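Asker: To be precise about what I am sending: the file is called final-v2.txt and holds compact mmCIF, C-alpha atoms and all ligand atoms.
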# COMPACT_ATOMS: atom_id res chain seq x y z
CA MET S 1 12.21 27.91 -31.26
CA ALA S 2 9.50 27.60 -28.66
CA LYS S 3 6.48 25.41 -29.24
CA VAL S 4 6.04 24.44 -32.88
CA ALA S 5 3.25 22.39 -34.47
CA VAL S 6 4.11 19.53 -36.83
CA ILE S 7 1.65 18.26 -39.44
CA SER S 8 2.02 15.48 -42.00
CA ASP S 9 0.12 13.39 -44.54
CA ILE S 10 -2.79 15.74 -45.15
CA HIS S 11 -3.67 13.88 -48.36
CA GLY S 12 -6.11 16.36 -49.85
CA ASN S 13 -8.46 16.21 -46.86
CA LEU S 14 -9.49 19.85 -46.45
CA PRO S 15 -11.97 19.42 -43.55
CA ALA S 16 -9.24 17.63 -41.54
CA LEU S 17 -6.64 20.29 -42.39
CA GLU S 18 -8.96 23.16 -41.49
CA ALA S 19 -9.83 21.56 -38.12
CA THR S 20 -6.13 20.93 -37.43
CA VAL S 21 -5.01 24.48 -38.23
CA ALA S 22 -7.87 25.83 -36.10
CA ALA S 23 -6.72 23.66 -33.16
CA ILE S 24 -3.14 24.90 -33.60
CA ARG S 25 -4.36 28.51 -33.52
CA VAL S 26 -6.43 27.85 -30.38
CA GLU S 27 -3.21 26.73 -28.66
CA GLY S 28 -1.59 30.00 -29.71
CA ILE S 29 1.14 28.29 -31.72
CA ALA S 30 2.50 30.51 -34.49
CA GLU S 31 4.90 28.21 -36.32
CA VAL S 32 3.83 25.09 -38.25
CA LEU S 33 6.14 22.59 -39.98
CA CYS S 34 4.80 20.28 -42.70
CA LEU S 35 6.28 16.87 -43.51
CA GLY S 36 4.62 16.37 -46.90
CA ASP S 37 2.01 14.23 -48.64
CA VAL S 38 -0.26 17.27 -48.78
CA VAL S 39 -1.90 15.68 -51.85
CA GLY S 40 -2.93 12.20 -52.96
CA TYR S 41 -5.99 10.11 -51.91
CA GLY S 42 -8.17 13.14 -51.05
CA ALA S 43 -10.60 15.29 -53.00
CA ASP S 44 -9.14 18.75 -52.27
CA PRO S 45 -5.43 18.67 -53.17
CA GLY S 46 -5.34 22.25 -54.53
CA PRO S 47 -7.00 23.97 -51.55
CA CYS S 48 -4.81 21.89 -49.18
CA LEU S 49 -1.62 22.99 -51.00
CA GLU S 50 -2.75 26.61 -50.81
CA LYS S 51 -3.53 26.33 -47.09
CA VAL S 52 -0.20 24.73 -46.10
CA TRP S 53 1.60 27.23 -48.33
CA GLU S 54 0.14 30.15 -46.35
CA THR S 55 0.35 28.38 -42.95
CA CYS S 56 3.68 26.55 -42.76
CA SER S 57 7.22 27.90 -42.36
CA VAL S 58 8.84 24.69 -43.65
CA LEU S 59 7.43 22.34 -46.30
CA VAL S 60 9.05 18.97 -46.94
CA ARG S 61 8.01 17.02 -50.04
CA GLY S 62 6.32 13.62 -49.68
CA ASN S 63 6.24 10.62 -51.99
CA HIS S 64 2.77 11.61 -53.22
CA GLU S 65 4.07 15.00 -54.36
CA GLU S 66 6.96 13.16 -56.04
CA ALA S 67 4.47 10.88 -57.79
CA VAL S 68 2.41 13.83 -59.07
CA LEU S 69 5.54 15.62 -60.32
CA ASP S 70 7.17 12.51 -61.80
CA PRO S 71 4.68 9.96 -63.23
CA ALA S 72 7.40 7.26 -63.34
CA THR S 73 7.54 7.14 -59.51
CA ALA S 74 3.77 6.50 -59.34
CA ARG S 75 4.26 3.08 -60.93
CA SER S 76 5.23 1.59 -57.57
CA PHE S 77 1.92 2.74 -56.02
CA ASN S 78 -0.99 0.35 -55.46
CA PRO S 79 -3.87 0.67 -57.98
CA VAL S 80 -6.13 2.79 -55.75
CA ALA S 81 -3.30 5.20 -54.87
CA ARG S 82 -2.34 5.42 -58.54
CA VAL S 83 -5.90 6.32 -59.61
CA ALA S 84 -5.88 9.11 -57.02
CA ILE S 85 -2.45 10.39 -58.14
CA GLU S 86 -3.52 10.51 -61.79
CA TRP S 87 -6.74 12.33 -60.84
CA THR S 88 -4.72 14.74 -58.63
CA ARG S 89 -2.33 15.52 -61.48
CA ARG S 90 -5.28 16.45 -63.71
CA VAL S 91 -6.97 18.83 -61.26
CA LEU S 92 -3.92 20.82 -60.06
CA ASP S 93 -2.81 24.01 -61.81
CA TRP S 94 0.65 25.44 -62.50
CA ASP S 95 0.75 27.33 -59.20
CA HIS S 96 0.17 24.06 -57.34
CA PHE S 97 2.95 22.37 -59.31
CA GLY S 98 5.23 25.29 -58.41
CA MET S 99 4.45 24.81 -54.71
CA MET S 100 5.29 21.10 -54.85
CA LYS S 101 8.54 21.76 -56.72
CA ALA S 102 9.51 24.36 -54.11
CA MET S 103 9.19 21.84 -51.25
CA ARG S 104 12.51 20.52 -50.00
CA SER S 105 13.35 16.84 -49.73
CA VAL S 106 14.90 17.28 -46.29
CA PHE S 107 15.12 20.14 -43.77
CA GLU S 108 18.19 20.32 -41.55
CA GLY S 109 17.80 22.73 -38.64
CA GLY S 110 21.30 22.59 -37.17
CA ASP S 111 22.20 20.05 -34.48
CA ARG S 112 18.70 19.99 -33.01
CA LEU S 113 16.25 19.03 -35.76
CA THR S 114 15.92 17.16 -39.06
CA LEU S 115 12.65 16.88 -40.98
CA VAL S 116 12.04 14.33 -43.73
CA HIS S 117 8.87 12.74 -45.07
CA ASP S 118 9.72 9.05 -44.81
CA SER S 119 13.19 8.13 -43.56
CA PRO S 120 16.58 9.88 -43.32
CA VAL S 121 18.15 6.81 -44.96
CA PRO S 122 16.78 4.49 -47.63
CA THR S 123 15.36 1.41 -45.90
CA SER S 124 13.94 -1.73 -47.43
CA GLY S 125 10.19 -1.64 -48.04
CA GLY S 126 9.69 2.00 -48.99
CA GLY S 127 11.11 3.86 -46.00
CA TYR S 128 8.38 2.99 -43.50
CA LEU S 129 9.71 3.44 -39.95
CA HIS S 130 7.26 1.15 -38.20
CA ASP S 131 9.50 -0.70 -35.75
CA ALA S 132 12.81 -0.78 -33.88
CA ARG S 133 14.52 -2.63 -36.72
CA THR S 134 13.87 0.08 -39.32
CA ALA S 135 14.39 2.84 -36.75
CA ALA S 136 17.84 1.48 -35.81
CA ILE S 137 18.89 1.89 -39.45
CA ALA S 138 17.30 5.35 -39.70
CA PHE S 139 19.29 6.69 -36.71
CA ARG S 140 22.42 6.40 -38.91
CA GLY S 141 20.95 8.84 -41.40
CA PHE S 142 20.92 12.11 -39.45
CA ASP S 143 23.22 13.98 -37.07
CA SER S 144 20.74 16.10 -35.11
CA ARG S 145 19.19 15.15 -31.76
CA VAL S 146 15.72 14.80 -33.24
CA CYS S 147 14.35 13.69 -36.60
CA ILE S 148 10.63 14.04 -37.32
CA VAL S 149 9.10 11.82 -40.00
CA GLY S 150 5.62 11.07 -41.36
CA HIS S 151 4.73 8.53 -44.08
CA THR S 152 3.40 5.64 -41.93
CA HIS S 153 0.33 7.64 -40.77
CA VAL S 154 0.87 6.15 -37.29
CA PRO S 155 2.08 8.34 -34.41
CA ILE S 156 5.11 6.85 -32.64
CA ALA S 157 8.40 7.74 -30.95
CA PHE S 158 11.72 5.89 -31.12
CA VAL S 159 14.57 6.74 -28.74
CA ALA S 160 18.23 5.78 -29.09
CA PRO S 161 20.61 5.88 -26.12
CA HIS S 162 22.94 8.70 -25.14
CA GLY S 163 24.54 10.64 -27.91
CA SER S 164 24.89 7.60 -30.16
CA SER S 165 25.78 8.50 -33.73
CA GLY S 166 23.66 5.59 -34.88
CA ASP S 167 26.56 3.43 -36.05
CA GLY S 168 26.37 0.00 -34.52
CA LEU S 169 22.87 0.51 -33.12
CA GLU S 170 20.88 -2.71 -32.85
CA PRO S 171 17.08 -2.96 -32.77
CA GLY S 172 17.40 -4.00 -29.11
CA ASP S 173 18.99 -0.61 -28.32
CA ILE S 174 15.90 1.28 -29.48
CA GLU S 175 13.01 2.15 -27.18
CA THR S 176 9.62 2.36 -28.89
CA HIS S 177 6.91 4.55 -27.34
CA GLU S 178 3.26 4.79 -28.25
CA LEU S 179 2.02 8.36 -28.28
CA VAL S 180 -1.23 9.19 -26.53
CA ASP S 181 -3.59 12.08 -27.32
CA GLY S 182 -2.94 15.02 -25.01
CA GLU S 183 0.14 13.53 -23.32
CA GLU S 184 3.57 15.14 -23.63
CA PHE S 185 6.17 12.53 -24.49
CA ALA S 186 9.56 13.57 -23.10
CA TRP S 187 12.69 12.06 -24.64
CA PRO S 188 15.74 11.70 -22.40
CA ARG S 189 18.10 14.68 -22.37
CA GLU S 190 21.05 12.57 -23.47
CA GLY S 191 19.11 10.51 -26.01
CA ARG S 192 18.21 10.97 -29.67
CA ALA S 193 14.68 10.60 -31.02
CA ILE S 194 12.74 9.82 -34.18
CA LEU S 195 9.22 11.19 -33.82
CA ASN S 196 6.09 10.77 -35.98
CA PRO S 197 3.02 13.03 -35.51
CA GLY S 198 0.64 10.70 -37.38
CA SER S 199 -1.57 11.81 -40.27
CA VAL S 200 -3.90 14.80 -40.54
CA GLY S 201 -5.96 13.51 -43.43
CA GLN S 202 -5.83 9.71 -43.42
CA PRO S 203 -4.98 8.28 -39.95
CA ARG S 204 -4.18 4.56 -39.91
CA ASP S 205 -3.96 3.77 -36.20
CA GLY S 206 -7.64 2.99 -35.70
CA ASP S 207 -8.52 6.51 -34.53
CA PRO S 208 -10.28 8.44 -37.31
CA ARG S 209 -9.56 11.86 -35.77
CA ALA S 210 -6.94 14.07 -37.43
CA SER S 211 -3.50 13.76 -35.82
CA PHE S 212 -0.73 16.31 -35.31
CA ALA S 213 1.93 17.07 -32.71
CA VAL S 214 3.45 19.96 -30.81
CA ILE S 215 7.20 19.85 -30.26
CA ASP S 216 9.13 21.87 -27.69
CA LEU S 217 12.83 21.45 -28.46
CA ASP S 218 13.91 23.40 -25.36
CA ARG S 219 12.00 21.15 -22.97
CA GLY S 220 12.43 18.01 -25.09
CA THR S 221 8.75 17.15 -25.42
CA PHE S 222 6.50 15.95 -28.25
CA GLY S 223 2.77 16.12 -27.53
CA LEU S 224 0.23 14.30 -29.67
CA ARG S 225 -3.08 16.03 -30.45
CA ARG S 226 -6.17 14.41 -31.98
CA VAL S 227 -8.83 16.60 -33.53
CA GLU S 228 -12.42 15.77 -34.47
CA TYR S 229 -13.33 16.91 -37.96
CA ASP S 230 -16.23 16.54 -40.38
CA VAL S 231 -15.43 13.08 -41.80
CA ALA S 232 -18.76 12.95 -43.66
CA ARG S 233 -17.88 16.16 -45.52
CA ALA S 234 -14.53 14.71 -46.64
CA GLN S 235 -16.28 11.49 -47.73
CA ALA S 236 -18.95 13.41 -49.67
CA SER S 237 -16.22 15.29 -51.54
CA LEU S 238 -14.50 12.00 -52.46
CA ARG S 239 -17.76 10.58 -53.79
CA ARG S 240 -18.54 13.77 -55.72
CA VAL S 241 -15.26 13.63 -57.66
CA GLY S 242 -15.53 9.86 -58.16
CA LEU S 243 -12.41 8.66 -56.31
CA PRO S 244 -12.36 4.92 -55.37
CA SER S 245 -14.67 3.85 -52.53
CA PRO S 246 -11.91 2.29 -50.34
CA LEU S 247 -10.62 5.86 -49.89
CA VAL S 248 -14.05 6.91 -48.67
CA ASP S 249 -14.52 3.98 -46.29
CA ARG S 250 -11.15 4.11 -44.54
CA LEU S 251 -11.67 7.69 -43.28
CA ALA S 252 -14.50 6.53 -41.01
CA ILE S 253 -12.38 3.91 -39.25
CA GLY S 254 -8.92 5.47 -39.31
CA ALA S 255 -7.33 2.61 -41.21
ZN ZN U 301 1.14 9.60 -46.76
What is this file in structure tokens?

Answerer:
Amino acid sequence: MAKVAVISDIHGNLPALEATVAAIRVEGIAEVLCLGDVVGYGADPGPCLEKVWETCSVLVRGNHEEAVLDPATARSFNPVARVAIEWTRRVLDWDHFGMMKAMRSVFEGGDRLTLVHDSPVPTSGGGYLHDARTAAIAFRGFDSRVCIVGHTHVPIAFVAPHGSSGDGLEPGDIETHELVDGEEFAWPREGRAILNPGSVGQPRDGDPRASFAVIDLDRGTFGLRRVEYDVARAQASLRRVGLPSPLVDRLAIGA
């Protein structure tokens, strides 16, 4: 495995996905891994499913796919998210449902890589790995050197010290690193890492540009990439299908 692109949390935002895939192609990267939440919130869930289906070599299922497939799980969603899930369920066809069912809940690529949408272990508060406390728990949930997650829509890296299995890790043992557009984050050779590429279709770190990452497992680097896309086009699509206005507004500010 040389350089591989990692995308997550596309959320039915086709202009953001198209700009991201174009940027990946410009870099000459052939393989793309997807961490789920291809649908939900956005106006183009079907075209986004079709595009990741043809583009990605691994597809992990997110909680928004789960909520479309199993209405009972959508009950824990906030009202705006639930409206979008119910709308998404109505507009998708059987092929799209087949694609979501075919996604795996976790991908284990030997001793080097684990991919999961939210967290490799159940954590309190919905599996959001936002800080060292939740990351310390998550390090117990996988055996590989690296685990890549999405779900928070915020790019970040957590590093645990040398070869630790995760048992007995305290929050104070975890290093937290902000990821910066265009910079290659290198995790220590002897360490283990939890990495998050941010969100393609609904960034929440104050930067409205689409977010993805390029991982090089041989060199031990994870490089964040931010991509401009046509936000106004995504917003117009949301308005046209009548999805709630908070979903329109947040795209402009990346929140
Ligand atoms: Zn998401």

Asker: Residues contacting ligand ZN 301 (chain U) - anything with an atom at most 9 Å away, using only C-alpha atoms and all ligand atoms - can you give me those as an mmCIF file with C-alpha atoms, in the frame of the given file?

Answerer:
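Once everything was written out, this is part-v3.cif:
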data_model
loop_
_atom_site.group_PDB
_atom_site.id
_atom_site.type_symbol
_atom_site.label_atom_id
_atom_site.label_comp_id
_atom_site.auth_asym_id
_atom_site.auth_seq_id
_atom_site.Cartn_x
_atom_site.Cartn_y
_atom_site.Cartn_z
ATOM 1 C CA SER S 8 2.020 15.480 -42.000
ATOM 2 C CA ASP S 9 0.120 13.390 -44.540
ATOM 3 C CA ILE S 10 -2.790 15.740 -45.150
ATOM 4 C CA HIS S 11 -3.670 13.880 -48.360
ATOM 5 C CA GLY S 36 4.620 16.370 -46.900
ATOM 6 C CA ASP S 37 2.010 14.230 -48.640
ATOM 7 C CA VAL S 38 -0.260 17.270 -48.780
ATOM 8 C CA VAL S 39 -1.900 15.680 -51.850
ATOM 9 C CA GLY S 40 -2.930 12.200 -52.960
ATOM 10 C CA TYR S 41 -5.990 10.110 -51.910
ATOM 11 C CA GLY S 62 6.320 13.620 -49.680
ATOM 12 C CA ASN S 63 6.240 10.620 -51.990
ATOM 13 C CA HIS S 64 2.770 11.610 -53.220
ATOM 14 C CA HIS S 117 8.870 12.740 -45.070
ATOM 15 C CA ASP S 118 9.720 9.050 -44.810
ATOM 16 C CA GLY S 150 5.620 11.070 -41.360
ATOM 17 C CA HIS S 151 4.730 8.530 -44.080
ATOM 18 C CA THR S 152 3.400 5.640 -41.930
ATOM 19 C CA HIS S 153 0.330 7.640 -40.770
ATOM 20 C CA SER S 199 -1.570 11.810 -40.270
ATOM 21 C CA GLY S 201 -5.960 13.510 -43.430
ATOM 22 C CA GLN S 202 -5.830 9.710 -43.420
#

Asker: Between S:Arg226, S:Arg133, S:Arg240, S:Arg204, single out the one closest to Glu170 (chain S), counting all atoms listed in the file.

Answerer: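 Among the listed residues, the smallest separation from Glu170 (chain S) belongs to S:Arg133.
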
Asker: If we count all atoms listed in the file and set the cut-off at 12 Å, which residues sit around Lys101 (chain S), ignoring sequence neighbours fewer than 3 positions away in its own chain? Please answer as a PDB file with C-alpha atoms, in the frame of the given file.

Answerer:
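Saved file result-v2.pdb follows:
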ATOM      1  CA  GLY S  36       4.620  16.370 -46.900  1.00  0.00           C
ATOM      2  CA  LEU S  49      -1.620  22.990 -51.000  1.00  0.00           C
ATOM      3  CA  LEU S  59       7.430  22.340 -46.300  1.00  0.00           C
ATOM      4  CA  VAL S  60       9.050  18.970 -46.940  1.00  0.00           C
ATOM      5  CA  ARG S  61       8.010  17.020 -50.040  1.00  0.00           C
ATOM      6  CA  GLY S  62       6.320  13.620 -49.680  1.00  0.00           C
ATOM      7  CA  GLU S  65       4.070  15.000 -54.360  1.00  0.00           C
ATOM      8  CA  GLU S  66       6.960  13.160 -56.040  1.00  0.00           C
ATOM      9  CA  ALA S  67       4.470  10.880 -57.790  1.00  0.00           C
ATOM     10  CA  VAL S  68       2.410  13.830 -59.070  1.00  0.00           C
ATOM     11  CA  LEU S  69       5.540  15.620 -60.320  1.00  0.00           C
ATOM     12  CA  ASP S  70       7.170  12.510 -61.800  1.00  0.00           C
ATOM     13  CA  TRP S  94       0.650  25.440 -62.500  1.00  0.00           C
ATOM     14  CA  ASP S  95       0.750  27.330 -59.200  1.00  0.00           C
ATOM     15  CA  HIS S  96       0.170  24.060 -57.340  1.00  0.00           C
ATOM     16  CA  PHE S  97       2.950  22.370 -59.310  1.00  0.00           C
ATOM     17  CA  GLY S  98       5.230  25.290 -58.410  1.00  0.00           C
ATOM     18  CA  ARG S 104      12.510  20.520 -50.000  1.00  0.00           C
ATOM     19  CA  SER S 105      13.350  16.840 -49.730  1.00  0.00           C
TER      20      SER S 105
END

Asker: I'd like to know which of S:Glu50, S:Glu86, S:Ile24, S:Ala19 is closest to Val227 (chain S), using all atoms listed in the file.

Answerer: S:Ala19

Asker: What is the distance, in Å and to one decimal place, between CA of Ile85 (chain S) and CA of Leu224 (chain S)?

Answerer: 28.9 Å

Asker: Could you write region 223-244 of chain S as an mmCIF file, in the frame of the given file, with N, CA, C and O atoms rebuilt where they are missing?

Answerer:
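Wrote result-v6.cif, looks like this:
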data_model
loop_
_atom_site.group_PDB
_atom_site.id
_atom_site.type_symbol
_atom_site.label_atom_id
_atom_site.label_comp_id
_atom_site.auth_asym_id
_atom_site.auth_seq_id
_atom_site.Cartn_x
_atom_site.Cartn_y
_atom_site.Cartn_z
ATOM 1 N N GLY S 223 4.122 16.401 -27.998
ATOM 2 C CA GLY S 223 2.770 16.120 -27.530
ATOM 3 C C GLY S 223 1.819 15.830 -28.672
ATOM 4 O O GLY S 223 1.695 16.638 -29.600
ATOM 5 N N LEU S 224 1.176 14.666 -28.619
ATOM 6 C CA LEU S 224 0.230 14.300 -29.670
ATOM 7 C C LEU S 224 -1.120 14.983 -29.427
ATOM 8 O O LEU S 224 -1.548 15.127 -28.288
ATOM 9 N N ARG S 225 -1.746 15.427 -30.511
ATOM 10 C CA ARG S 225 -3.080 16.030 -30.450
ATOM 11 C C ARG S 225 -3.975 15.346 -31.458
ATOM 12 O O ARG S 225 -3.591 15.177 -32.603
ATOM 13 N N ARG S 226 -5.177 14.953 -31.049
ATOM 14 C CA ARG S 226 -6.170 14.410 -31.980
ATOM 15 C C ARG S 226 -7.334 15.381 -32.053
ATOM 16 O O ARG S 226 -7.774 15.913 -31.018
ATOM 17 N N VAL S 227 -7.824 15.580 -33.274
ATOM 18 C CA VAL S 227 -8.830 16.600 -33.530
ATOM 19 C C VAL S 227 -10.006 15.993 -34.285
ATOM 20 O O VAL S 227 -9.830 15.392 -35.348
ATOM 21 N N GLU S 228 -11.211 16.168 -33.738
ATOM 22 C CA GLU S 228 -12.420 15.770 -34.470
ATOM 23 C C GLU S 228 -12.567 16.659 -35.692
ATOM 24 O O GLU S 228 -12.290 17.861 -35.625
ATOM 25 N N TYR S 229 -13.003 16.082 -36.802
ATOM 26 C CA TYR S 229 -13.330 16.910 -37.960
ATOM 27 C C TYR S 229 -14.529 16.288 -38.674
ATOM 28 O O TYR S 229 -14.985 15.196 -38.301
ATOM 29 N N ASP S 230 -15.021 16.986 -39.683
ATOM 30 C CA ASP S 230 -16.230 16.540 -40.380
ATOM 31 C C ASP S 230 -15.862 15.454 -41.400
ATOM 32 O O ASP S 230 -15.643 15.742 -42.581
ATOM 33 N N VAL S 231 -15.795 14.209 -40.930
ATOM 34 C CA VAL S 231 -15.430 13.080 -41.800
ATOM 35 C C VAL S 231 -16.432 12.938 -42.941
ATOM 36 O O VAL S 231 -16.051 12.690 -44.096
ATOM 37 N N ALA S 232 -17.721 13.115 -42.634
ATOM 38 C CA ALA S 232 -18.760 12.950 -43.660
ATOM 39 C C ALA S 232 -18.573 13.943 -44.807
ATOM 40 O O ALA S 232 -18.814 13.617 -45.969
ATOM 41 N N ARG S 233 -18.105 15.153 -44.472
ATOM 42 C CA ARG S 233 -17.880 16.160 -45.520
ATOM 43 C C ARG S 233 -16.722 15.733 -46.434
ATOM 44 O O ARG S 233 -16.800 15.850 -47.663
ATOM 45 N N ALA S 234 -15.666 15.192 -45.840
ATOM 46 C CA ALA S 234 -14.530 14.710 -46.640
ATOM 47 C C ALA S 234 -14.971 13.531 -47.515
ATOM 48 O O ALA S 234 -14.580 13.424 -48.690
ATOM 49 N N GLN S 235 -15.800 12.650 -46.964
ATOM 50 C CA GLN S 235 -16.280 11.490 -47.730
ATOM 51 C C GLN S 235 -17.188 11.932 -48.879
ATOM 52 O O GLN S 235 -17.103 11.392 -49.986
ATOM 53 N N ALA S 236 -18.048 12.922 -48.618
ATOM 54 C CA ALA S 236 -18.950 13.410 -49.670
ATOM 55 C C ALA S 236 -18.137 14.007 -50.828
ATOM 56 O O ALA S 236 -18.475 13.813 -52.000
ATOM 57 N N SER S 237 -17.065 14.709 -50.490
ATOM 58 C CA SER S 237 -16.220 15.290 -51.540
ATOM 59 C C SER S 237 -15.562 14.197 -52.379
ATOM 60 O O SER S 237 -15.473 14.312 -53.605
ATOM 61 N N LEU S 238 -15.106 13.122 -51.732
ATOM 62 C CA LEU S 238 -14.500 12.000 -52.460
ATOM 63 C C LEU S 238 -15.498 11.375 -53.424
ATOM 64 O O LEU S 238 -15.177 11.073 -54.577
ATOM 65 N N ARG S 239 -16.732 11.182 -52.937
ATOM 66 C CA ARG S 239 -17.760 10.580 -53.790
ATOM 67 C C ARG S 239 -18.088 11.498 -54.960
ATOM 68 O O ARG S 239 -18.267 11.043 -56.088
ATOM 69 N N ARG S 240 -18.155 12.804 -54.681
ATOM 70 C CA ARG S 240 -18.540 13.770 -55.720
ATOM 71 C C ARG S 240 -17.544 13.748 -56.880
ATOM 72 O O ARG S 240 -17.928 13.835 -58.048
ATOM 73 N N VAL S 241 -16.258 13.614 -56.574
ATOM 74 C CA VAL S 241 -15.260 13.630 -57.660
ATOM 75 C C VAL S 241 -14.992 12.234 -58.207
ATOM 76 O O VAL S 241 -14.245 12.081 -59.164
ATOM 77 N N GLY S 242 -15.607 11.211 -57.606
ATOM 78 C CA GLY S 242 -15.530 9.860 -58.160
ATOM 79 C C GLY S 242 -14.248 9.110 -57.828
ATOM 80 O O GLY S 242 -13.869 8.195 -58.562
ATOM 81 N N LEU S 243 -13.602 9.436 -56.707
ATOM 82 C CA LEU S 243 -12.410 8.660 -56.310
ATOM 83 C C LEU S 243 -12.847 7.309 -55.715
ATOM 84 O O LEU S 243 -13.971 7.173 -55.244
ATOM 85 N N PRO S 244 -11.955 6.295 -55.748
ATOM 86 C CA PRO S 244 -12.360 4.920 -55.370
ATOM 87 C C PRO S 244 -12.938 4.815 -53.952
ATOM 88 O O PRO S 244 -12.455 5.462 -53.025
#
